[in-house]
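Visitor: Hey, dropping protein.txt in here, compact mmCIF, C-alpha atoms and all ligand atoms:
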```
# COMPACT_ATOMS: atom_id res chain seq x y z
CA MET A 1 71.29 95.22 83.04
CA SER A 2 71.31 98.67 81.52
CA LEU A 3 71.76 101.87 83.46
CA SER A 4 68.83 103.46 81.64
CA GLY A 5 66.84 105.76 83.91
CA LYS A 6 69.14 105.34 86.91
CA LYS A 7 69.17 108.53 88.94
CA ILE A 8 72.73 109.54 89.62
CA ILE A 9 73.93 112.61 91.49
CA LEU A 10 77.32 113.61 90.14
CA GLY A 11 79.08 115.70 92.77
CA ILE A 12 82.04 117.75 91.58
CA THR A 13 84.48 119.36 93.99
CA GLY A 14 87.33 121.81 93.59
CA GLY A 15 90.22 119.75 92.28
CA ILE A 16 92.26 119.96 89.13
CA ALA A 17 90.64 116.72 87.89
CA ALA A 18 87.23 118.46 87.76
CA TYR A 19 87.53 118.68 83.96
CA LYS A 20 87.46 114.88 83.79
CA ALA A 21 84.00 114.92 85.39
CA VAL A 22 82.75 116.24 82.04
CA LEU A 23 83.82 112.97 80.38
CA LEU A 24 82.22 110.91 83.14
CA LEU A 25 79.00 112.88 82.69
CA ARG A 26 79.10 112.14 78.94
CA LEU A 27 79.51 108.41 79.59
CA LEU A 28 76.60 108.39 82.03
CA LYS A 29 74.38 110.31 79.64
CA LYS A 30 75.35 108.05 76.74
CA ASN A 31 74.06 105.17 78.87
CA ASP A 32 70.76 106.98 79.47
CA CYS A 33 71.33 107.79 83.12
CA ASP A 34 69.37 110.63 84.65
CA VAL A 35 72.22 112.74 86.00
CA THR A 36 71.92 115.69 88.36
CA VAL A 37 75.16 117.61 88.71
CA VAL A 38 75.92 119.21 92.07
CA MET A 39 79.00 121.42 92.33
CA THR A 40 80.78 122.94 95.27
CA GLY A 41 81.61 126.63 95.06
CA GLU A 42 85.29 125.73 94.64
CA ALA A 43 84.53 123.39 91.74
CA GLU A 44 83.17 126.35 89.80
CA LYS A 45 86.67 127.83 89.84
CA PHE A 46 87.81 124.84 87.75
CA ILE A 47 84.92 124.27 85.31
CA THR A 48 81.80 126.21 84.42
CA PRO A 49 78.31 125.07 85.39
CA LEU A 50 77.24 126.00 81.86
CA THR A 51 79.18 123.11 80.30
CA LEU A 52 77.71 120.65 82.77
CA GLN A 53 74.21 122.03 82.37
CA ALA A 54 74.42 121.67 78.59
CA LEU A 55 75.67 118.08 78.85
CA SER A 56 73.33 116.92 81.61
CA GLY A 57 70.32 118.68 80.11
CA LYS A 58 69.40 119.99 83.57
CA PRO A 59 70.25 122.97 85.73
CA VAL A 60 73.36 122.40 87.78
CA LEU A 61 72.62 122.53 91.51
CA ARG A 62 75.01 124.71 93.46
CA ASP A 63 73.28 126.58 96.21
CA ILE A 64 71.41 125.04 99.10
CA PHE A 65 69.40 128.24 99.63
CA SER A 66 68.51 129.11 96.04
CA ASP A 67 65.85 126.67 94.86
CA ALA A 68 62.23 127.63 95.46
CA GLU A 69 60.92 124.78 93.29
CA HIS A 70 61.73 122.26 96.00
CA ASN A 71 60.07 124.30 98.77
CA GLY A 72 63.49 125.24 100.09
CA ILE A 73 64.56 121.69 100.95
CA ILE A 74 66.44 120.86 97.80
CA HIS A 75 69.05 118.72 99.55
CA ILE A 76 66.40 116.39 100.97
CA SER A 77 64.40 115.97 97.77
CA THR A 78 67.49 115.50 95.57
CA ALA A 79 69.09 113.09 98.04
CA SER A 80 66.01 110.91 98.45
CA GLU A 81 65.52 110.33 94.72
CA ALA A 82 69.05 109.14 93.92
CA ASP A 83 70.12 105.58 93.12
CA LEU A 84 73.77 106.52 93.54
CA VAL A 85 75.81 109.56 94.54
CA VAL A 86 79.21 109.77 92.82
CA ILE A 87 81.67 112.45 93.82
CA ALA A 88 84.36 112.78 91.16
CA PRO A 89 86.74 114.32 91.83
CA ALA A 90 86.51 114.16 95.62
CA THR A 91 88.91 116.63 97.21
CA ALA A 92 90.73 115.98 100.48
CA ASN A 93 88.65 118.81 101.93
CA THR A 94 85.27 117.35 100.96
CA ILE A 95 86.34 113.85 102.07
CA ALA A 96 87.29 115.27 105.48
CA LYS A 97 83.98 117.12 105.76
CA ILE A 98 81.99 114.02 104.87
CA ARG A 99 83.89 111.97 107.45
CA ALA A 100 83.06 114.57 110.08
CA GLY A 101 79.39 114.82 109.07
CA ILE A 102 79.73 118.48 108.10
CA ALA A 103 76.93 119.75 105.85
CA ASP A 104 78.01 123.26 104.90
CA ASN A 105 77.13 123.19 101.20
CA LEU A 106 74.56 121.49 98.99
CA LEU A 107 76.78 118.51 98.12
CA THR A 108 77.83 117.66 101.69
CA SER A 109 74.21 118.15 102.82
CA ILE A 110 73.01 115.69 100.17
CA VAL A 111 75.62 113.17 101.32
CA LEU A 112 74.23 113.35 104.86
CA ALA A 113 70.62 113.24 103.69
CA THR A 114 70.75 110.34 101.24
CA ARG A 115 70.17 106.64 101.78
CA ALA A 116 71.69 105.87 98.37
CA LYS A 117 75.13 104.31 98.02
CA ILE A 118 77.92 106.87 97.78
CA MET A 119 81.03 106.49 95.65
CA LEU A 120 84.05 108.75 96.10
CA ALA A 121 86.74 109.12 93.44
CA PRO A 122 89.51 110.85 95.37
CA ALA A 123 91.93 113.06 93.43
CA MET A 124 94.75 114.99 94.97
CA ASN A 125 98.46 115.53 95.18
CA ARG A 126 100.19 112.39 96.45
CA VAL A 127 101.39 113.99 99.68
CA MET A 128 97.81 115.10 100.45
CA TRP A 129 96.66 111.53 99.75
CA GLU A 130 99.36 109.97 101.93
CA ASN A 131 98.66 112.38 104.79
CA SER A 132 97.47 110.38 107.77
CA ALA A 133 94.40 112.62 108.13
CA THR A 134 93.26 111.74 104.61
CA GLN A 135 94.12 108.06 105.04
CA GLU A 136 92.21 107.91 108.31
CA ASN A 137 89.21 109.68 106.76
CA ILE A 138 89.13 107.23 103.86
CA GLU A 139 89.44 104.27 106.22
CA VAL A 140 86.52 105.49 108.33
CA LEU A 141 84.36 106.16 105.27
CA ARG A 142 85.17 102.77 103.76
CA ASN A 143 84.10 101.12 107.00
CA ARG A 144 80.86 103.14 106.85
CA GLY A 145 80.13 101.54 103.47
CA PHE A 146 81.31 104.28 101.11
CA ILE A 147 82.72 102.91 97.86
CA ILE A 148 86.16 104.31 97.21
CA SER A 149 87.07 104.30 93.52
CA GLY A 150 90.82 104.96 93.17
CA PRO A 151 92.96 106.93 93.30
CA VAL A 152 95.63 105.43 91.05
CA SER A 153 99.28 106.19 90.71
CA GLY A 154 100.88 108.07 87.86
CA PHE A 155 101.93 111.55 86.82
CA GLN A 156 100.06 114.34 88.55
CA ALA A 157 99.14 117.83 87.41
CA CYS A 158 101.47 119.32 90.05
CA GLY A 159 104.45 117.49 88.49
CA ASP A 160 104.67 114.78 91.16
CA ASN A 161 104.50 111.09 90.39
CA GLY A 162 102.67 108.86 92.83
CA THR A 163 99.26 107.77 94.11
CA GLY A 164 96.58 110.45 94.08
CA ARG A 165 95.50 110.66 90.42
CA MET A 166 91.79 110.28 89.88
CA LYS A 167 90.80 107.11 88.04
CA GLU A 168 90.02 107.69 84.37
CA PRO A 169 86.31 108.44 83.67
CA GLN A 170 85.84 105.09 81.89
CA GLU A 171 87.20 103.24 84.95
CA ILE A 172 84.91 105.17 87.31
CA PHE A 173 82.03 104.43 84.95
CA ASN A 174 82.91 100.70 85.12
CA ASP A 175 82.85 100.88 88.92
CA ILE A 176 79.45 102.61 88.77
CA MET A 177 78.16 99.81 86.51
CA ALA A 178 79.50 97.20 88.94
CA VAL A 179 77.79 98.91 91.90
CA LEU A 180 74.44 99.48 90.19
CA GLN A 181 74.34 96.07 88.57
CA GLY A 182 75.35 94.34 91.78
CA PRO A 183 78.30 92.00 91.87
CA SER A 184 78.32 89.47 89.05
CA VAL A 185 78.90 86.59 91.42
CA PRO A 186 78.05 83.06 90.43
CA PRO A 187 75.07 82.27 92.72
CA GLU A 188 76.89 79.43 94.47
CA HIS A 189 79.58 81.87 95.61
CA GLU A 190 77.41 84.70 96.86
CA ARG A 191 78.26 86.00 100.36
CA LEU A 192 80.49 82.95 100.90
CA LEU A 193 83.11 85.19 102.52
CA ALA A 194 80.84 87.67 104.31
CA GLY A 195 82.38 88.82 107.58
CA LYS A 196 85.86 87.59 106.59
CA LYS A 197 88.90 89.79 106.17
CA ILE A 198 91.34 88.95 103.38
CA VAL A 199 94.74 90.45 102.65
CA ILE A 200 95.97 89.94 99.07
CA THR A 201 99.27 90.98 97.53
CA ALA A 202 99.62 91.55 93.79
CA GLY A 203 101.93 92.82 91.07
CA PRO A 204 105.69 93.08 91.02
CA THR A 205 107.93 94.81 93.49
CA VAL A 206 110.41 97.42 92.37
CA GLU A 207 113.86 97.48 93.94
CA PRO A 208 115.82 100.67 93.25
CA LEU A 209 119.49 100.70 92.22
CA ASP A 210 119.72 104.49 91.98
CA PRO A 211 117.12 107.28 91.67
CA ILE A 212 116.33 106.15 88.10
CA ARG A 213 117.09 102.43 87.72
CA PHE A 214 115.47 99.48 89.41
CA ILE A 215 115.15 95.70 89.39
CA SER A 216 111.66 94.36 88.82
CA ASN A 217 109.77 91.62 86.97
CA ARG A 218 106.97 91.02 84.47
CA SER A 219 104.07 90.47 86.87
CA SER A 220 100.94 92.26 85.58
CA GLY A 221 98.95 91.99 88.82
CA LYS A 222 95.95 90.59 86.89
CA MET A 223 95.58 87.39 88.94
CA GLY A 224 95.73 89.15 92.31
CA TYR A 225 93.37 91.92 91.17
CA ALA A 226 90.91 89.29 89.89
CA ILE A 227 91.00 87.50 93.25
CA ALA A 228 90.51 90.82 95.06
CA GLU A 229 87.52 91.67 92.85
CA ALA A 230 86.00 88.24 93.52
CA ALA A 231 86.65 88.60 97.26
CA VAL A 232 84.73 91.90 97.38
CA ALA A 233 81.89 90.35 95.37
CA MET A 234 81.79 87.42 97.80
CA GLY A 235 81.38 89.80 100.73
CA ALA A 236 84.90 89.87 102.21
CA GLU A 237 86.59 92.95 103.63
CA THR A 238 89.49 93.03 101.18
CA ILE A 239 92.87 94.67 101.48
CA LEU A 240 94.87 94.72 98.25
CA VAL A 241 98.58 95.50 98.68
CA SER A 242 100.00 96.08 95.23
CA GLY A 243 103.24 96.94 93.50
CA PRO A 244 103.07 99.22 90.43
CA VAL A 245 100.81 97.82 87.67
CA GLN A 246 98.90 99.16 84.68
CA ILE A 247 95.41 98.18 85.89
CA SER A 248 93.06 99.90 88.32
CA PRO A 249 92.18 98.47 91.70
CA PRO A 250 88.68 96.99 91.82
CA ALA A 251 85.98 99.06 93.51
CA GLY A 252 85.43 98.22 97.15
CA VAL A 253 88.95 97.08 98.07
CA LYS A 254 91.13 98.88 100.56
CA PHE A 255 94.06 99.65 98.30
CA ILE A 256 97.63 100.02 99.54
CA SER A 257 100.15 100.98 96.90
CA VAL A 258 103.78 99.95 97.50
CA ASN A 259 107.01 99.77 95.55
CA THR A 260 109.60 97.64 97.32
CA ALA A 261 109.38 94.18 98.89
CA GLN A 262 110.13 95.75 102.27
CA GLU A 263 107.18 98.17 101.88
CA MET A 264 104.94 95.28 100.82
CA HIS A 265 106.12 93.24 103.81
CA ASP A 266 105.39 96.09 106.24
CA ALA A 267 101.91 96.74 104.77
CA VAL A 268 101.06 93.03 104.93
CA MET A 269 102.27 92.62 108.51
CA ASN A 270 100.14 95.63 109.52
CA GLY A 271 97.13 94.21 107.68
CA ILE A 272 97.13 90.60 108.88
CA SER A 273 96.66 91.24 112.61
CA ASP A 274 92.92 90.54 112.45
CA ALA A 275 92.73 88.90 109.00
CA ASP A 276 91.22 85.48 108.33
CA VAL A 277 93.05 84.88 105.07
CA PHE A 278 96.31 85.89 103.41
CA ILE A 279 96.84 85.25 99.70
CA GLY A 280 100.24 86.14 98.26
CA THR A 281 100.01 86.52 94.49
CA ALA A 282 102.67 89.23 94.18
CA ALA A 283 105.90 88.47 92.39
CA VAL A 284 108.09 89.72 95.21
CA ALA A 285 111.73 90.33 94.27
CA ASP A 286 113.89 87.83 96.17
CA PHE A 287 116.79 90.28 96.23
CA ARG A 288 117.41 94.01 96.46
CA ALA A 289 120.54 96.10 96.05
CA ALA A 290 122.68 96.06 99.19
CA SER A 291 123.07 99.79 98.81
CA VAL A 292 121.11 102.22 96.66
CA SER A 293 123.17 104.94 95.03
CA PRO A 294 121.77 108.37 96.00
CA VAL A 295 122.79 109.71 92.57
CA LYS A 296 122.52 108.28 89.07
CA ILE A 297 125.20 105.65 88.44
CA LYS A 298 127.28 106.90 85.49
CA LYS A 299 129.31 104.89 83.06
CA SER A 300 132.87 105.97 82.42
CA ALA A 301 136.14 104.65 81.03
CA GLN A 302 136.96 103.43 84.55
CA ASN A 303 133.95 101.14 85.00
CA GLU A 304 133.52 98.90 81.98
CA GLU A 305 132.02 96.41 84.37
CA LEU A 306 129.72 97.15 87.26
CA ASP A 307 129.13 94.83 90.18
CA ILE A 308 125.87 95.19 92.06
CA ARG A 309 125.71 93.33 95.35
CA LEU A 310 122.28 91.97 96.12
CA ILE A 311 120.87 90.93 99.48
CA GLN A 312 117.77 88.92 100.27
CA ASN A 313 114.42 90.57 100.79
CA PRO A 314 112.08 89.41 103.54
CA ASP A 315 110.09 86.34 102.45
CA ILE A 316 106.55 87.68 102.95
CA LEU A 317 104.68 84.38 102.58
CA SER A 318 107.00 82.64 105.01
CA ARG A 319 106.83 85.50 107.52
CA VAL A 320 103.01 85.43 107.42
CA GLY A 321 102.97 81.61 107.65
CA HIS A 322 105.20 81.64 110.71
CA SER A 323 103.75 84.77 112.30
CA GLU A 324 102.13 84.79 115.73
CA GLN A 325 99.28 86.65 114.02
CA ARG A 326 98.97 83.96 111.35
CA PRO A 327 95.57 84.15 109.62
CA SER A 328 93.56 80.89 109.59
CA VAL A 329 94.33 80.32 105.92
CA VAL A 330 97.64 81.26 104.32
CA ALA A 331 97.99 80.76 100.58
CA GLY A 332 100.56 81.70 97.99
CA PHE A 333 101.33 81.36 94.32
CA ALA A 334 104.32 79.48 92.96
CA ALA A 335 105.22 80.72 89.49
CA GLU A 336 107.71 78.22 88.13
CA THR A 337 109.25 77.47 84.77
CA ASP A 338 110.04 73.82 85.68
CA LYS A 339 109.45 71.15 88.38
CA LEU A 340 106.23 72.87 89.43
CA GLU A 341 105.01 70.07 91.72
CA THR A 342 108.34 69.62 93.52
CA TYR A 343 108.73 73.36 94.16
CA ALA A 344 105.09 73.90 95.11
CA ILE A 345 105.11 71.08 97.69
CA LYS A 346 108.41 72.32 99.11
CA LYS A 347 106.96 75.83 99.31
CA LEU A 348 103.93 74.55 101.26
CA LYS A 349 106.22 73.14 103.92
CA ASP A 350 108.93 75.80 104.02
CA LYS A 351 106.45 78.68 104.26
CA ASN A 352 104.00 76.93 106.60
CA ALA A 353 101.25 77.62 104.07
CA ASP A 354 97.88 75.88 103.72
CA ILE A 355 97.53 76.14 99.96
CA ILE A 356 99.94 76.79 97.10
CA PHE A 357 98.52 77.72 93.72
CA GLY A 358 101.02 76.44 91.16
CA ASN A 359 101.50 78.34 87.96
CA ASP A 360 103.58 77.14 84.99
CA VAL A 361 104.89 80.44 83.64
CA SER A 362 106.88 78.75 80.86
CA ASP A 363 103.55 78.47 78.99
CA LYS A 364 103.13 81.90 77.35
CA THR A 365 99.33 81.51 76.97
CA ILE A 366 98.92 81.61 80.75
CA GLY A 367 100.64 83.25 83.70
CA PHE A 368 102.30 86.68 83.61
CA ASN A 369 100.43 89.33 81.64
CA SER A 370 97.97 86.87 80.13
CA ASP A 371 94.22 87.19 80.82
CA GLN A 372 94.04 83.44 81.23
CA ASN A 373 95.58 81.12 83.72
CA GLU A 374 95.75 77.46 84.60
CA ILE A 375 96.38 76.57 88.18
CA THR A 376 97.24 73.40 90.04
CA VAL A 377 96.25 73.59 93.68
CA PHE A 378 98.54 71.93 96.24
CA SER A 379 96.91 71.67 99.61
CA LYS A 380 98.46 70.94 103.02
CA ASP A 381 96.31 67.81 103.38
CA GLY A 382 98.04 66.31 100.32
CA ARG A 383 95.32 67.02 97.75
CA ILE A 384 96.42 68.12 94.28
CA ILE A 385 93.55 69.74 92.35
CA PRO A 386 93.92 70.93 88.76
CA LEU A 387 91.84 74.02 87.91
CA PRO A 388 91.35 74.01 84.15
CA LYS A 389 92.50 76.88 81.97
CA SER A 390 90.07 79.78 82.18
CA SER A 391 89.96 83.53 82.62
CA LYS A 392 91.73 84.95 85.65
CA LYS A 393 88.36 86.37 86.74
CA GLU A 394 86.73 82.93 86.80
CA LEU A 395 89.77 81.47 88.52
CA GLY A 396 89.48 84.21 91.14
CA PHE A 397 86.15 82.72 92.23
CA SER A 398 87.48 79.12 92.11
CA VAL A 399 90.49 80.07 94.24
CA LEU A 400 88.24 81.74 96.82
CA ARG A 401 85.83 78.82 96.92
CA LEU A 402 88.75 76.61 97.96
CA ILE A 403 89.77 79.23 100.52
CA ALA A 404 86.19 79.36 101.89
CA GLU A 405 86.24 75.53 102.22
CA ALA A 406 89.54 75.70 104.08
CA LEU A 407 88.06 78.28 106.47
CA LYS A 408 85.25 75.95 107.55
C1 LIG B 501 94.96 124.96 91.27
C2 LIG B 501 94.42 124.18 92.42
C3 LIG B 501 94.28 122.83 92.30
C4 LIG B 501 93.79 122.07 93.37
N1 LIG B 501 93.67 120.73 93.21
C5 LIG B 501 93.22 119.98 94.23
C6 LIG B 501 93.08 118.57 94.08
O1 LIG B 501 93.35 118.00 93.02
N2 LIG B 501 92.63 117.86 95.15
C7 LIG B 501 92.32 118.45 96.34
O2 LIG B 501 91.95 117.74 97.26
N3 LIG B 501 92.42 119.79 96.49
C8 LIG B 501 92.85 120.57 95.47
N4 LIG B 501 92.95 121.91 95.64
C9 LIG B 501 92.54 122.51 96.91
C10 LIG B 501 91.02 122.65 96.95
O3 LIG B 501 90.56 123.44 95.88
C11 LIG B 501 90.60 123.26 98.30
O4 LIG B 501 90.92 122.37 99.34
C12 LIG B 501 89.14 123.61 98.31
O5 LIG B 501 88.82 124.14 99.58
C13 LIG B 501 88.24 122.40 98.03
O6 LIG B 501 86.90 122.75 98.16
P1 LIG B 501 85.69 121.73 97.98
O7 LIG B 501 86.13 120.44 98.59
O8 LIG B 501 84.53 122.35 98.70
O9 LIG B 501 85.41 121.64 96.52
C14 LIG B 501 93.43 122.69 94.59
C15 LIG B 501 93.57 124.08 94.69
C16 LIG B 501 94.06 124.82 93.64
C17 LIG B 501 94.19 126.31 93.79
```
Kindly transcribe the structure held in the file into structure tokens.
Guide:
Amino acid sequence: MSLSGKKIILGITGGIAAYKAVLLLRLLKKNDCDVTVVMTGEAEKFITPLTLQALSGKPVLRDIFSDAEHNGIIHISTASEADLVVIAPATANTIAKIRAGIADNLLTSIVLATRAKIMLAPAMNRVMWENSATQENIEVLRNRGFIISGPVSGFQACGDNGTGRMKEPQEIFNDIMAVLQGPSVPPEHERLLAGKKIVITAGPTVEPLDPIRFISNRSSGKMGYAIAEAAVAMGAETILVSGPVQISPPAGVKFISVNTAQEMHDAVMNGISDADVFIGTAAVADFRAASVSPVKIKKSAQNEELDIRLIQNPDILSRVGHSEQRPSVVAGFAAETDKLETYAIKKLKDKNADIIFGNDVSDKTIGFNSDQNEITVFSKDGRIIPLPKSSKKELGFSVLRLIAEALK
């Protein structure tokens, strides 16, 4: 499906990432979308309406009281015509106003007055993002059906490094395509998980040694992200708890960014209380440093060798499997370089899991970092099912079909 002729309202608010909205506008226009730009007064302090007007080929809407053409009810007419409202960047302030139903400018009025889907691409300093007010606002809006695209982690304009960066324009554009085209779900999988809540872990964990060094692994997160994307498409409420990776979270997931195994454990334990399914795909570090040096560890003539004492991390899959709040289906991945079947069957028992997805990571064409995978499914009832080599995206659907069967 093309986006040609789709009516999109591009809302721009007063954040430093406002300049990136220009690139998003260009992408939308290149794909023949009919884009109306609506700016808040604060956004105008970051970029000029003139640039956006020239690129959109239309006047930029800014003032709820200024437009006579629409008989003075510009927010109603604009809102009713839209296929999608995208606010990029969405400031903490505008997100809070939308949550509260405040309509004190043209953009927030349109949000209240539209029946179209609304996508928010939050962008802010990481402390603003982590603030419980912002987190609560996002949670409420997600539950109201808003699509939250990002943010991602990385370097921020203020010099911080963490979660709060707006997704890149191309990634937001991809999310817009996914929303307007509808989920590309194989028909036999559609809505198979509607009403179910799934918690998925993905990526590596990062265990610090000092403020600069850490122990981690090569997990790319691709398998877990593909399962999360499929889960959203199949109608599940999806929580994705992820260590640091180079890919963006799929649109529609509730995204929780973590670093260490302990943080991942805590986020999972919080998330599973009313979940139906847990799927552990993360490559969780088995060990962490017994003590983390508060300052950079220096080499000197006195320490030609350095001993680092490691202690075990919590075993997340086992904790979930044995938890009083155990979801109905608990599944995990076993990435092994040898004796896959032996280890996978042992893992099923030890962790009290229902399904183990076995992964031979000695084969470089599959597993870590590859876009393809080949999985052998070990189920509690003794079945061993090979899933042939295919893209991680296709396998995401196959994995969830097995999960849906186990839920019956
Ligand atoms: C230089 C500068 C950069 C800012 N960047 C952001 C930002 O990235 N995200 C954010 O939420 N607020 C940011 N703010 C604060 C917002 O501009 C402020 O909350 C404003 O009221 C937002 O208005 P609006 O949501 O109506 O556009 C920034 C402020 C300044 C002065």
Visitor: Of the residues A:Arg99, A:Arg126, A:Arg115, A:Lys347, which is the one nearest to ligand LIG 501 (chain B), using only C-alpha atoms and all ligand atoms?
Guide: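 Selected residue with least distance to ligand LIG 501 (chain B): A:Arg126.
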Visitor: In Å, with one decimal, what is the gap from CA of Pro314 (chain A) to CA of Ile345 (chain A)?
Guide: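 Separating CA of Pro314 (chain A) from CA of Ile345 (chain A) is a distance of 20.5 Å.
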Visitor: Mind listing the residues within 8 Å of ligand LIG 501 (chain B), all atoms listed in the file counted, as a list in words?
Guide: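 Using all atoms listed in the file, everything at most 8 Å from ligand LIG 501 (chain B) comes to Ile12, Thr13, Gly14, Gly15, Ile16, Ala17, Met39, Thr40, Gly41, Glu42, Ala43, Phe46, Pro89, Ala90, Thr91, Ala92, Asn93, Thr94, Ile95, Asn105, Pro122, Ala123, Met124, Asn125 and Met128 of chain A.
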Visitor: For each of A:Ser109, A:Thr342, A:Gln302, A:Thr205, take the minimum atom-to-atom distance to Thr281 (chain A), counting all atoms listed in the file, then give the residue where this is smallest.
Guide: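 Nearest candidate to Thr281 (chain A) out of A:Ser109, A:Thr342, A:Gln302, A:Thr205: A:Thr205.
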Visitor: Listing only residues of region 254-337 of chain A within 10 Å of region 394-408 of chain A, what is the closest atom pair and its distance in Å (to one decimal) for each, using all atoms listed in the file, sorted by chain and residue number ascending, as a tab-separated table?
Guide:
```
residue	atom	partner	partner_atom	distance
A:Asp276	CA	A:Leu407	CA	8.1
A:Val277	CA	A:Ile403	CA	8.0
A:Phe278	CA	A:Ile403	CA	9.8
A:Ile279	CA	A:Ile403	CA	9.3
A:Ser328	CA	A:Leu407	CA	6.8
A:Val329	CA	A:Leu407	CA	6.6
A:Val330	CA	A:Ile403	CA	9.0
A:Ala331	CA	A:Ile403	CA	8.4
```
Visitor: Between CA of Val284 (chain A) and CA of Glu336 (chain A), what distance in Å does the model show, to one decimal?
Guide: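 For CA of Val284 (chain A) relative to CA of Glu336 (chain A), the distance reads 13.5 Å.
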